[in-house]
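Asker: Sharing input-v5.cif here; it has mmCIF, C-alpha atoms.
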data_protein
#
loop_
_atom_site.label_atom_id
_atom_site.label_comp_id
_atom_site.auth_asym_id
_atom_site.auth_seq_id
_atom_site.Cartn_x
_atom_site.Cartn_y
_atom_site.Cartn_z
CA MET A 1 0.00 0.00 0.00
CA SER A 2 1.32 3.44 -0.94
CA ALA A 3 1.83 6.27 1.56
CA LEU A 4 -1.14 8.12 0.00
CA GLU A 5 -3.44 5.11 0.46
CA GLU A 6 -2.33 4.71 4.07
CA LEU A 7 -3.07 8.38 4.71
CA VAL A 8 -6.48 8.83 3.08
CA GLY A 9 -7.73 5.27 2.48
CA LEU A 10 -8.06 3.17 -0.66
CA LYS A 11 -11.60 4.34 -1.58
CA SER A 12 -10.64 8.01 -1.47
CA THR A 13 -7.47 7.34 -3.43
CA ILE A 14 -9.38 5.52 -6.19
CA GLU A 15 -11.97 8.30 -6.41
CA GLU A 16 -9.26 10.96 -6.61
CA LYS A 17 -7.37 9.10 -9.32
CA LEU A 18 -10.54 8.44 -11.34
CA THR A 19 -11.21 12.17 -11.46
CA GLU A 20 -7.70 12.66 -12.80
CA LEU A 21 -7.78 9.73 -15.24
CA VAL A 22 -11.17 10.53 -16.79
CA GLY A 23 -11.11 14.31 -16.53
CA HIS A 24 -7.81 15.18 -18.21
CA GLU A 25 -7.20 16.11 -21.85
CA TRP A 26 -4.85 13.83 -23.79
CA GLN A 27 -1.49 15.23 -24.84
CA ILE A 28 -1.31 13.49 -28.22
CA ARG A 29 1.62 13.38 -30.62
CA ASN A 30 1.97 11.63 -33.95
CA GLY A 31 4.60 8.92 -33.87
CA LEU A 32 6.93 7.52 -36.52
CA THR A 33 8.42 4.86 -34.25
CA VAL A 34 6.88 2.44 -31.78
CA PRO A 35 7.21 3.99 -28.29
CA ARG A 36 8.53 2.25 -25.22
CA THR A 37 6.68 2.56 -21.94
CA ASP A 38 8.88 5.36 -20.64
CA ASP A 39 8.40 7.36 -23.85
CA ILE A 40 4.81 8.22 -22.89
CA VAL A 41 3.79 10.26 -19.87
CA LEU A 42 1.77 8.07 -17.51
CA ARG A 43 -0.84 10.71 -16.63
CA ASP A 44 -2.00 12.02 -20.03
CA GLY A 45 0.50 11.14 -22.77
CA ALA A 46 -0.56 9.35 -25.96
CA VAL A 47 0.93 8.51 -29.35
CA GLN A 48 -0.93 7.98 -32.62
CA LEU A 49 0.61 5.54 -35.10
CA ASP A 50 -0.15 3.97 -38.45
CA ALA A 51 0.91 0.40 -37.76
CA VAL A 52 0.56 -3.29 -38.55
CA TYR A 53 -0.08 -5.59 -35.60
CA LEU A 54 0.86 -9.25 -35.46
CA TYR A 55 -0.27 -11.62 -32.73
CA THR A 56 1.00 -15.19 -32.67
CA ASP A 57 -0.62 -17.63 -30.26
CA MET A 58 0.53 -21.12 -29.32
CA MET A 59 -2.24 -23.71 -29.48
CA GLY A 60 -2.83 -26.51 -26.99
CA SER A 61 -1.50 -24.74 -23.90
CA THR A 62 -4.36 -25.98 -21.69
CA ARG A 63 -3.58 -29.59 -22.53
CA LEU A 64 0.13 -28.92 -22.20
CA VAL A 65 -0.30 -27.63 -18.64
CA SER A 66 -2.77 -30.33 -17.55
CA GLU A 67 -1.01 -33.39 -19.01
CA PHE A 68 2.70 -32.65 -18.75
CA ALA A 69 5.15 -31.76 -16.00
CA PRO A 70 5.43 -28.01 -15.33
CA GLY A 71 9.04 -28.01 -16.47
CA THR A 72 8.10 -29.62 -19.77
CA ALA A 73 5.23 -27.19 -20.38
CA ALA A 74 7.52 -24.25 -19.58
CA LYS A 75 10.19 -25.47 -22.02
CA VAL A 76 7.67 -25.80 -24.85
CA THR A 77 6.18 -22.37 -24.21
CA ARG A 78 9.55 -20.72 -23.84
CA ALA A 79 10.89 -22.35 -27.02
CA PHE A 80 7.93 -21.10 -29.05
CA ILE A 81 7.84 -17.56 -27.60
CA ASN A 82 11.62 -17.11 -27.80
CA THR A 83 11.68 -18.18 -31.44
CA ALA A 84 8.67 -16.05 -32.42
CA CYS A 85 10.28 -13.00 -30.79
CA ARG A 86 13.50 -13.53 -32.74
CA VAL A 87 11.62 -13.78 -36.02
CA ILE A 88 9.63 -10.63 -35.25
CA ARG A 89 12.74 -8.65 -34.34
CA ASN A 90 14.56 -9.88 -37.45
CA ARG A 91 11.95 -8.05 -39.55
CA ASP A 92 12.24 -4.89 -37.44
CA GLY A 93 9.06 -5.62 -35.53
CA HIS A 94 8.70 -4.17 -32.04
CA ILE A 95 7.58 -6.47 -29.23
CA ARG A 96 5.38 -4.70 -26.73
CA SER A 97 3.21 -7.36 -25.10
CA PHE A 98 3.17 -10.94 -23.85
CA ASP A 99 0.06 -12.78 -22.74
CA GLY A 100 0.91 -16.26 -21.51
CA ASP A 101 1.65 -18.19 -24.68
CA ARG A 102 0.98 -15.27 -27.05
CA VAL A 103 3.24 -12.46 -28.22
CA MET A 104 2.42 -9.21 -30.01
CA GLY A 105 4.62 -7.49 -32.57
CA ILE A 106 4.12 -3.99 -34.03
CA PHE A 107 5.47 -2.96 -37.44
CA VAL A 108 5.80 0.65 -38.63
CA GLY A 109 7.63 2.46 -41.39
CA ALA A 110 8.56 1.39 -44.90
CA ASP A 111 7.10 -1.93 -46.11
CA LYS A 112 5.45 -2.55 -42.75
CA GLU A 113 2.72 -4.64 -44.42
CA GLY A 114 5.16 -6.90 -46.24
CA ARG A 115 7.45 -7.30 -43.24
CA ALA A 116 4.57 -8.25 -40.94
CA VAL A 117 3.05 -10.78 -43.34
CA ARG A 118 6.42 -12.32 -44.11
CA THR A 119 7.03 -12.61 -40.36
CA ALA A 120 3.83 -14.63 -39.94
CA LEU A 121 4.94 -17.08 -42.64
CA GLU A 122 8.45 -17.26 -41.16
CA ILE A 123 7.02 -18.08 -37.72
CA THR A 124 5.23 -21.03 -39.33
CA TYR A 125 8.49 -22.25 -40.84
CA ALA A 126 10.45 -21.76 -37.64
CA THR A 127 7.80 -23.52 -35.56
CA ASP A 128 7.50 -26.52 -37.89
CA LYS A 129 11.08 -26.91 -39.05
CA LEU A 130 13.12 -25.70 -36.07
CA VAL A 131 11.19 -25.58 -32.79
CA TRP A 132 9.17 -28.76 -33.05
CA PRO A 133 12.07 -31.01 -34.17
CA ALA A 134 14.15 -29.70 -31.26
CA LEU A 135 11.32 -30.39 -28.81
CA GLU A 136 10.81 -33.91 -30.21
CA ARG A 137 14.47 -34.72 -29.70
CA ARG A 138 14.73 -33.29 -26.19
CA LEU A 139 11.24 -34.02 -24.86
CA PRO A 140 10.11 -37.42 -26.24
CA SER A 141 7.14 -37.50 -23.84
CA LEU A 142 5.42 -34.95 -26.08
CA THR A 143 5.26 -37.35 -29.02
CA ARG A 144 4.45 -40.35 -26.84
CA GLN A 145 1.39 -38.55 -25.51
CA GLY A 146 0.30 -37.25 -28.90
CA PHE A 147 1.13 -33.57 -28.46
CA LYS A 148 2.16 -31.55 -31.53
CA LEU A 149 3.19 -27.91 -31.39
CA ARG A 150 0.81 -25.69 -33.37
CA HIS A 151 0.15 -21.96 -33.48
CA VAL A 152 -1.98 -19.29 -35.20
CA SER A 153 -0.82 -15.83 -36.26
CA GLY A 154 -3.18 -12.93 -36.95
CA VAL A 155 -2.16 -9.73 -38.75
CA ALA A 156 -4.10 -6.49 -39.28
CA ALA A 157 -3.24 -2.86 -40.11
CA GLY A 158 -4.62 0.56 -39.26
CA PRO A 159 -4.32 3.64 -37.05
CA VAL A 160 -3.72 3.02 -33.36
CA PHE A 161 -3.84 5.16 -30.21
CA MET A 162 -1.17 4.14 -27.68
CA ALA A 163 -1.32 5.23 -24.06
CA ARG A 164 0.21 4.17 -20.77
CA THR A 165 -1.90 2.52 -18.12
CA GLY A 166 -1.44 1.21 -14.60
CA ILE A 167 0.07 2.83 -11.53
CA TYR A 168 3.51 4.09 -10.58
CA ASP A 169 6.11 1.30 -10.89
CA HIS A 170 3.43 -1.05 -12.29
CA ASN A 171 2.37 0.12 -15.76
CA ASP A 172 2.51 -0.76 -19.43
CA LEU A 173 1.33 0.43 -22.85
CA ILE A 174 -2.13 -0.23 -24.24
CA SER A 175 -3.06 -0.12 -27.93
CA ILE A 176 -6.51 1.21 -28.82
CA GLY A 177 -7.66 0.61 -32.38
CA SER A 178 -9.14 -1.98 -34.66
CA ALA A 179 -5.75 -3.23 -35.93
CA ALA A 180 -4.64 -4.51 -32.52
CA ASN A 181 -8.09 -5.88 -31.68
CA VAL A 182 -8.60 -7.67 -35.00
CA ALA A 183 -5.09 -9.15 -35.08
CA ALA A 184 -5.65 -10.60 -31.61
CA LYS A 185 -9.02 -12.04 -32.66
CA LEU A 186 -7.51 -13.60 -35.78
CA SER A 187 -4.87 -15.36 -33.69
CA ASP A 188 -7.73 -16.91 -31.67
CA ILE A 189 -9.30 -18.62 -34.72
CA ARG A 190 -9.57 -22.39 -34.41
CA GLU A 191 -10.73 -24.20 -37.55
CA ASP A 192 -10.64 -27.70 -38.98
CA PRO A 193 -8.46 -27.85 -40.95
CA GLN A 194 -6.46 -25.27 -39.04
CA TYR A 195 -4.63 -22.58 -40.96
CA ARG A 196 -1.65 -20.93 -39.30
CA SER A 197 -1.74 -17.39 -40.73
CA TYR A 198 -4.75 -15.08 -41.02
CA ILE A 199 -4.60 -11.54 -42.42
CA THR A 200 -7.32 -9.04 -43.23
CA ARG A 201 -8.33 -8.71 -46.88
CA SER A 202 -7.40 -5.02 -46.81
CA LEU A 203 -3.89 -5.95 -45.67
CA TYR A 204 -3.64 -8.55 -48.43
CA ASP A 205 -4.49 -5.86 -50.98
CA ALA A 206 -1.85 -3.51 -49.54
CA MET A 207 1.10 -5.90 -49.21
CA PRO A 208 3.71 -6.44 -51.96
CA GLU A 209 3.07 -9.14 -54.53
CA HIS A 210 5.99 -11.30 -53.45
CA CYS A 211 4.20 -11.89 -50.13
CA ALA A 212 1.11 -13.12 -51.98
CA VAL A 213 2.50 -15.21 -54.86
CA THR A 214 5.52 -17.49 -55.09
CA ASP A 215 6.56 -19.43 -58.20
CA GLY A 216 3.26 -18.45 -59.77
CA LYS A 217 1.23 -19.93 -56.92
CA VAL A 218 -1.02 -17.85 -54.68
CA MET A 219 -0.12 -18.50 -51.04
CA TRP A 220 -3.41 -17.23 -49.60
CA GLN A 221 -7.03 -18.35 -49.68
CA ALA A 222 -9.93 -15.89 -49.44
CA HIS A 223 -12.16 -16.62 -46.47
CA HIS A 224 -14.62 -15.06 -44.00
CA VAL A 225 -14.48 -15.40 -40.22
CA PRO A 226 -16.68 -14.02 -37.43
CA VAL A 227 -14.96 -11.10 -35.69
CA ASN A 228 -16.73 -8.75 -33.29
CA GLY A 229 -20.14 -9.96 -34.43
CA GLU A 230 -19.49 -9.53 -38.16
CA GLN A 231 -18.20 -11.71 -40.98
CA LEU A 232 -14.75 -10.28 -41.70
CA ALA A 233 -13.10 -10.75 -45.09
CA VAL A 234 -9.69 -12.34 -44.50
CA CYS A 235 -7.08 -14.42 -46.28
CA ARG A 236 -5.61 -17.52 -44.67
CA SER A 237 -2.49 -19.54 -45.40
CA ASN A 238 -0.47 -22.56 -44.39
CA TRP A 239 2.53 -21.57 -46.49
CA GLU A 240 5.94 -21.27 -44.86
CA TRP A 241 8.69 -18.74 -45.54
CA PRO A 242 12.14 -20.21 -44.77
CA VAL A 243 14.36 -18.34 -42.32
CA THR A 244 18.07 -18.24 -42.96
#
Take the structure in the file and give it back as structure tokens.
Answerer:
Amino acid sequence: MSALEELVGLKSTIEEKLTELVGHEWQIRNGLTVPRTDDIVLRDGAVQLDAVYLYTDMMGSTRLVSEFAPGTAAKVTRAFINTACRVIRNRDGHIRSFDGDRVMGIFVGADKEGRAVRTALEITYATDKLVWPALERRLPSLTRQGFKLRHVSGVAAGPVFMARTGIYDHNDLISIGSAANVAAKLSDIREDPQYRSYITRSLYDAMPEHCAVTDGKVMWQAHHVPVNGEQLAVCRSNWEWPVT
């Protein structure tokens, strides 16, 4: 408990802070780079960006936790998240959030659409060709019990409003905008058969051709999925982009 809470009580402190949090005017600036937490003033700072958001989410975590030793589950999760982060950073993506077995990357600047989409396909390659073989070798109990590492990546683009939330010494950035929300929802899609990469149709139309077609073959399939109560036009893919 803070000194202020000890002095005036928790209820009074909350009421005082709510007046401040809801009553202020935002001090907004347009951003060209993805801010870090300390780049935005906690009280009223905000940054507006034109960005592409990528969420990649490991599947099967509930089963992993319930059926395997904690150390095994932690190794699988860490191997996936660590690898996804490296792929995101290799394409100049900025990592600003973790949520259990899911990581968020933000792409801004030149060719942000192409870099984000290519990252999604590279995560598929890295998961299938690098992470899973390493886990099979080191953790044979996974295969014996029928577990296979799978993931889904969702990618969407648009304007975003970034602010800082929380309390002193315990705060982080939040992203307000459809791009972040839709990308997260796309990474939650579970279908049969399961595709590993989902992007909005508008992003597909904006990205460079080499991210859509390879050797004359289209890597994406037009599709519709329910998002926020509507049928959203998306493209889905199981193609892989090799990492070197």
Asker: Looking at A:Gln48, A:Arg96, A:Arg138, A:Lys17, which one is nearest to A:Ile176, with distances taken over only C-alpha atoms?
Answerer: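 Among A:Gln48, A:Arg96, A:Arg138, A:Lys17, it is A:Gln48 that comes nearest to A:Ile176.
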Asker: Any idea what the distance is between atom CA of A:Leu64 and atom CA of A:Pro133?
Answerer: 17.0 Å
Asker: For atom CA of A:Ser153 and atom CA of A:Lys185, determine how far apart the two atoms are, in Å to one decimal place.
Answerer: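 These two atoms are separated by 9.7 Å.
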Asker: Would you mind listing what lies within 12 Å of stretch 41-46 of chain A as JSON, numbers by chain, with all atoms listed in the file counted and same-chain residues fewer than 6 positions away left out?
Answerer: {"A": [17, 18, 19, 20, 21, 22, 23, 24, 25, 26, 27, 28, 29, 30, 31, 34, 35, 160, 161, 162, 163, 164, 165, 166, 167, 168, 169, 170, 171, 172, 173, 174, 175, 176]}
Asker: Go through the shown structure with the PyMOL selection byres ((chain A and resi 201-205) around 7) and write out the matching residues as a ChimeraX atom specification.
Answerer: /A:113,156-157,199-200,206-207,233-235
Asker: Would you write out, as a list in words, every residue that the PyMOL selection byres ((chain A and resi 216-227) around 9) captures in this file?
Answerer: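 Against this file, the PyMOL selection byres ((chain A and resi 216-227) around 9) returns the residues Val182, Lys185, Leu186, Ile189, Tyr198, Arg201, Tyr204, Cys211, Ala212, Val213, Thr214, Asp215, Asn228, Gly229, Glu230, Gln231, Leu232, Ala233, Val234, Cys235, Arg236, Ser237, Asn238 and Trp239 of chain A.
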Asker: Which residue gives the smallest distance to A:Glu209 among A:Arg102, A:Arg118, A:Arg86, A:Lys75, with only C-alpha atoms counted?
Answerer: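 Nearest candidate to A:Glu209 out of A:Arg102, A:Arg118, A:Arg86, A:Lys75: A:Arg118.
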Asker: Taking all atoms listed in the file into account, which of A:Arg91, A:Lys129, A:Arg137, A:Arg63 comes nearest A:Ile106?
Answerer: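 Closest to A:Ile106 of all the choices is A:Arg91.
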Asker: Padding of 8 Å on every side, edges along x, y and z, all listed atoms of stretch 173-191 of chain A included: what centre and edge lengths in Å, to one decimal, does that box have, as JSON?
Answerer:
{"center_x": -4.7, "center_y": -11.5, "center_z": -30.2, "size_x": 28.1, "size_y": 41.4, "size_z": 30.7}
Asker: Which one is closest to A:Gly158: A:Phe80, A:Tyr195, A:Tyr53, A:Trp241? Count all atoms listed in the file.
Answerer: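 Between A:Phe80, A:Tyr195, A:Tyr53, A:Trp241, the residue approaching A:Gly158 most closely is A:Tyr53.
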Asker: Any idea what the distance is between atom CA of A:Trp132 and atom CA of A:Asp188?
Answerer: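 Separation between atom CA of A:Trp132 and atom CA of A:Asp188: 20.7 Å.
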Asker: Could you state which residues are captured by the PyMOL selection byres ((chain A and resi 52) around 10) in this file, as a list in words?
Answerer: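 Evaluating the PyMOL selection byres ((chain A and resi 52) around 10) on this file yields Leu49, Asp50, Ala51, Tyr53, Leu54, Gly93, Gly105, Ile106, Phe107, Val108, Gly109, Lys112, Glu113, Gly114, Arg115, Ala116, Val117, Val155, Ala156, Ala157, Gly158, Pro159, Val160, Ala179, Ala180, Ala183 and Leu203 of chain A.
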Asker: Pick out the closest residue to A:Thr119 from this set: A:Gly9, A:Gly154, A:Pro193, A:Gly100. Count all atoms listed in the file.
Answerer: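 Comparing A:Gly9, A:Gly154, A:Pro193, A:Gly100 against A:Thr119, the winner is A:Gly154.
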Asker: For A:Ala79, which of A:Ala134, A:Leu10, A:Ala110, A:Leu142 is the closest residue, counting all atoms listed in the file?
Answerer: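 With all atoms listed in the file as the atom set, the closest residue is A:Ala134.
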Asker: Any chance you could model N, CA, C and O atoms for stretch 224-242 of chain A and send them as a short mmCIF file (atom, residue, chain, number, x, y, z; two decimals), in the frame of the given file?
Answerer:
data_model
loop_
_atom_site.label_atom_id
_atom_site.label_comp_id
_atom_site.auth_asym_id
_atom_site.auth_seq_id
_atom_site.Cartn_x
_atom_site.Cartn_y
_atom_site.Cartn_z
N HIS A 224 -13.92 -15.95 -44.92
CA HIS A 224 -14.62 -15.06 -44.00
C HIS A 224 -14.65 -15.70 -42.62
O HIS A 224 -14.85 -16.92 -42.50
N VAL A 225 -14.44 -14.89 -41.59
CA VAL A 225 -14.48 -15.40 -40.22
C VAL A 225 -15.29 -14.43 -39.36
O VAL A 225 -15.32 -13.22 -39.63
N PRO A 226 -15.95 -14.93 -38.32
CA PRO A 226 -16.68 -14.02 -37.43
C PRO A 226 -15.73 -13.27 -36.50
O PRO A 226 -14.96 -13.89 -35.76
N VAL A 227 -15.77 -11.95 -36.55
CA VAL A 227 -14.96 -11.10 -35.69
C VAL A 227 -15.83 -9.95 -35.20
O VAL A 227 -16.40 -9.22 -36.01
N ASN A 228 -15.95 -9.83 -33.90
CA ASN A 228 -16.73 -8.75 -33.29
C ASN A 228 -18.16 -8.70 -33.83
O ASN A 228 -18.72 -7.63 -34.09
N GLY A 229 -18.74 -9.89 -34.02
CA GLY A 229 -20.14 -9.96 -34.43
C GLY A 229 -20.39 -9.80 -35.91
O GLY A 229 -21.55 -9.78 -36.34
N GLU A 230 -19.33 -9.68 -36.71
CA GLU A 230 -19.49 -9.53 -38.16
C GLU A 230 -18.63 -10.56 -38.88
O GLU A 230 -17.68 -11.11 -38.32
N GLN A 231 -19.00 -10.84 -40.14
CA GLN A 231 -18.20 -11.71 -40.98
C GLN A 231 -17.10 -10.86 -41.65
O GLN A 231 -17.38 -10.03 -42.52
N LEU A 232 -15.88 -11.07 -41.22
CA LEU A 232 -14.75 -10.28 -41.70
C LEU A 232 -14.08 -10.97 -42.87
O LEU A 232 -13.79 -12.17 -42.81
N ALA A 233 -13.82 -10.22 -43.94
CA ALA A 233 -13.10 -10.75 -45.09
C ALA A 233 -11.61 -10.87 -44.75
O ALA A 233 -10.97 -9.88 -44.40
N VAL A 234 -11.09 -12.08 -44.83
CA VAL A 234 -9.69 -12.34 -44.50
C VAL A 234 -9.08 -13.22 -45.58
O VAL A 234 -9.76 -13.69 -46.50
N CYS A 235 -7.79 -13.42 -45.48
CA CYS A 235 -7.08 -14.42 -46.28
C CYS A 235 -6.31 -15.30 -45.30
O CYS A 235 -5.76 -14.81 -44.31
N ARG A 236 -6.27 -16.58 -45.57
CA ARG A 236 -5.61 -17.52 -44.67
C ARG A 236 -4.58 -18.34 -45.45
O ARG A 236 -4.68 -18.51 -46.66
N SER A 237 -3.58 -18.84 -44.73
CA SER A 237 -2.49 -19.54 -45.40
C SER A 237 -1.83 -20.55 -44.47
O SER A 237 -1.78 -20.36 -43.25
N ASN A 238 -1.33 -21.61 -45.09
CA ASN A 238 -0.47 -22.56 -44.39
C ASN A 238 0.93 -22.61 -45.02
O ASN A 238 1.71 -23.51 -44.73
N TRP A 239 1.21 -21.63 -45.87
CA TRP A 239 2.53 -21.57 -46.49
C TRP A 239 3.57 -21.18 -45.44
O TRP A 239 3.27 -20.54 -44.44
N GLU A 240 4.81 -21.59 -45.72
CA GLU A 240 5.94 -21.27 -44.86
C GLU A 240 6.96 -20.44 -45.64
O GLU A 240 7.14 -20.63 -46.84
N TRP A 241 7.61 -19.54 -44.95
CA TRP A 241 8.69 -18.74 -45.54
C TRP A 241 9.97 -19.10 -44.79
O TRP A 241 10.12 -18.78 -43.61
N PRO A 242 10.92 -19.76 -45.47
CA PRO A 242 12.14 -20.21 -44.77
C PRO A 242 12.92 -19.06 -44.14
O PRO A 242 12.99 -17.97 -44.70
#
